[in-house]
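Accompanying notes for the structure given below.
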Amino acid sequence: QKLEVIQVCLSKSTREVERELASRNPQIARLESVKPVSADSFELRVTISEDLEANIRKLKGLLAHSQPGMTTEDLLATLVEIGLEKLDPVRKAKRANSRAQRKDAKKEVQRHQGAAKHKSSAEPVVTADSFRAHETELAQFCGRNVDSPSETRYVPAQKRHEVWRGNKTAGCEFVSEQGERCGSHYALQLDHVVPYSKGGSHDASNLRVLCAKHNRYAWRHHSTIRESFVGYQASA
Ligand SMILES: [Zn+2]
């Protein structure tokens with residue numbers, strides 16, 4: 001059997017070999033562990049489905065607007081923080097308390113503006129602020145505020161949704177001169193094919209989804225990219 005495994009592996013890439021070995025021994029792949037690797041860090045090992053892996057990549061792409069180059073650890077930390085803000089009864093109680101105290105606290109801050117800077121993170125005012133920061137992150141998770149603030153902010157929601165629905169999960173719609181479609185999910189934004197400032201409309205036919213790289217590219221080479229996009233539409 002050993003020989004057979006080796007023969008199978010010889011013709012495959014490293015990733016395919018890893019999959020092949022895992023499929024021969026699925027229970028090993030399903031083990032989950034957390035073990036300390038230094039005084040203050042742990043190694044977390046989990047096995048995830050193909051779908052979850054794809055969704056994690058997608059979510060990193062969405063969050064790349066505010067946190068470019070996010071690691072899986074960063075993503076996990078953000079998700080855990082959002083989850084705790086939503087579900088932890090202790091934090092909920094603190095927030096309720098902070099709402100009641102906010103008025104008083106504001107007055108207090110105004111009265112002692114200098115001293116306010118030295119307040120510890122346990123103070124209710126700070127807790128409320130950090131919660132608002134996470135509300136913003138949450139909004140980004142839900143797909144709000146992910147469009148370029150310069151032009152697409154004023155595209156009516158209905159039109160925006162139409163474009164995103166049309167894109168399905170295809171990612172960046174940029175097509176190279178060689179006819180290759182980009183497909184990246186990194187920091188996707190809506191872009192006007194004909195700029196709004198030059199009379200382009202908010203119609204779905206004048207909007208497309210571009211990744212961060214091709215958004216910058218579009219700004220530099222607007223006429224070139226426009227031709228590529230028309231080409232893509234014709235071939236699709
Ligand atoms: Zn792209």
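Chains: A, B, ... in order of the structure tokens. Residues: from 1 per chain. Ligands: from 1, in order shown.
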
Would you name the residues within 9 Å of ligand 1, counting only C-alpha atoms and all ligand atoms, and put them as a list in words?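 Residues satisfying the distance criterion: Gly171, Cys172, Glu173, Phe174, Val175, Arg181, Cys182, Gly183, Ser184, His185, Tyr186, Leu188, Val209, Leu210, Cys211, Ala212, Lys213, His214 and Asn215 of chain A.
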
Please write the residues from the selection above to a file, keeping C-alpha atoms, as a PDB file, in the first residue's frame.
```
ATOM      1  CA  GLY A 171     -15.016  38.950  -8.006  1.00  0.00           C
ATOM      2  CA  CYS A 172     -13.119  41.582  -9.958  1.00  0.00           C
ATOM      3  CA  GLU A 173     -14.570  42.130 -13.437  1.00  0.00           C
ATOM      4  CA  PHE A 174     -11.418  43.554 -14.954  1.00  0.00           C
ATOM      5  CA  VAL A 175     -10.376  41.842 -18.187  1.00  0.00           C
ATOM      6  CA  ARG A 181     -10.616  38.018 -16.233  1.00  0.00           C
ATOM      7  CA  CYS A 182      -9.053  39.037 -12.864  1.00  0.00           C
ATOM      8  CA  GLY A 183     -11.563  37.427 -10.464  1.00  0.00           C
ATOM      9  CA  SER A 184      -9.813  38.674  -7.291  1.00  0.00           C
ATOM     10  CA  HIS A 185     -11.922  39.220  -4.165  1.00  0.00           C
ATOM     11  CA  TYR A 186      -9.448  41.619  -2.591  1.00  0.00           C
ATOM     12  CA  LEU A 188     -13.808  44.853  -4.073  1.00  0.00           C
ATOM     13  CA  VAL A 209     -16.970  45.484  -9.591  1.00  0.00           C
ATOM     14  CA  LEU A 210     -13.203  45.966  -9.362  1.00  0.00           C
ATOM     15  CA  CYS A 211     -10.553  44.792  -6.895  1.00  0.00           C
ATOM     16  CA  ALA A 212      -8.278  47.291  -5.114  1.00  0.00           C
ATOM     17  CA  LYS A 213      -5.506  46.892  -7.679  1.00  0.00           C
ATOM     18  CA  HIS A 214      -7.730  47.397 -10.715  1.00  0.00           C
ATOM     19  CA  ASN A 215      -9.551  50.278  -9.063  1.00  0.00           C
TER      20      ASN A 215
END
```

So that I can check the surroundings of segment 193-198 of chain A, please list as a ChimeraX atom specification every protein, DNA and RNA residue that reaches within 7 Å of it, counting only C-alpha atoms and ignoring chain neighbours fewer than 3 positions away. /A:201,206-208,226

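Distance-wise, atom CA of Glu53 of chain A and atom CA of Arg24 of chain A end up 20.6 Å apart.
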
For segment 70-73 of chain A: contacts at 10 Å, only C-alpha atoms, fewer than 6 positions along chain excluded, given as a VMD selection string: chain A and resid 44 56 to 57 60 to 61 63 to 64 79

Output for the residues just chosen: N, CA and C atoms as a short mmCIF file (atom, residue, chain, number, x, y, z; two decimals), in the first residue's frame:
```
data_model
loop_
_atom_site.label_atom_id
_atom_site.label_comp_id
_atom_site.auth_asym_id
_atom_site.auth_seq_id
_atom_site.Cartn_x
_atom_site.Cartn_y
_atom_site.Cartn_z
N LEU A 44 -3.17 26.99 17.33
CA LEU A 44 -4.53 26.49 17.16
C LEU A 44 -4.59 25.71 15.86
N ILE A 56 -13.73 32.45 4.26
CA ILE A 56 -12.71 33.18 5.02
C ILE A 56 -11.93 34.09 4.08
N ARG A 57 -11.57 33.54 2.91
CA ARG A 57 -10.84 34.36 1.94
C ARG A 57 -11.69 35.54 1.48
N LYS A 60 -11.84 38.16 4.28
CA LYS A 60 -10.58 38.91 4.33
C LYS A 60 -10.56 39.96 3.23
N GLY A 61 -11.08 39.58 2.06
CA GLY A 61 -11.14 40.52 0.94
C GLY A 61 -12.01 41.72 1.26
N LEU A 63 -12.72 42.85 4.27
CA LEU A 63 -12.10 43.63 5.35
C LEU A 63 -10.82 44.31 4.91
N ALA A 64 -10.34 43.96 3.72
CA ALA A 64 -9.08 44.54 3.26
C ALA A 64 -9.17 46.06 3.08
N LEU A 79 -13.44 38.72 14.71
CA LEU A 79 -14.71 37.99 14.81
C LEU A 79 -15.05 37.68 16.26
#
```

For segment 1-10 of chain A: contacts at 12 Å, only C-alpha atoms, fewer than 5 positions along chain excluded, given as a PyMOL selection string: chain A and resi 15-24
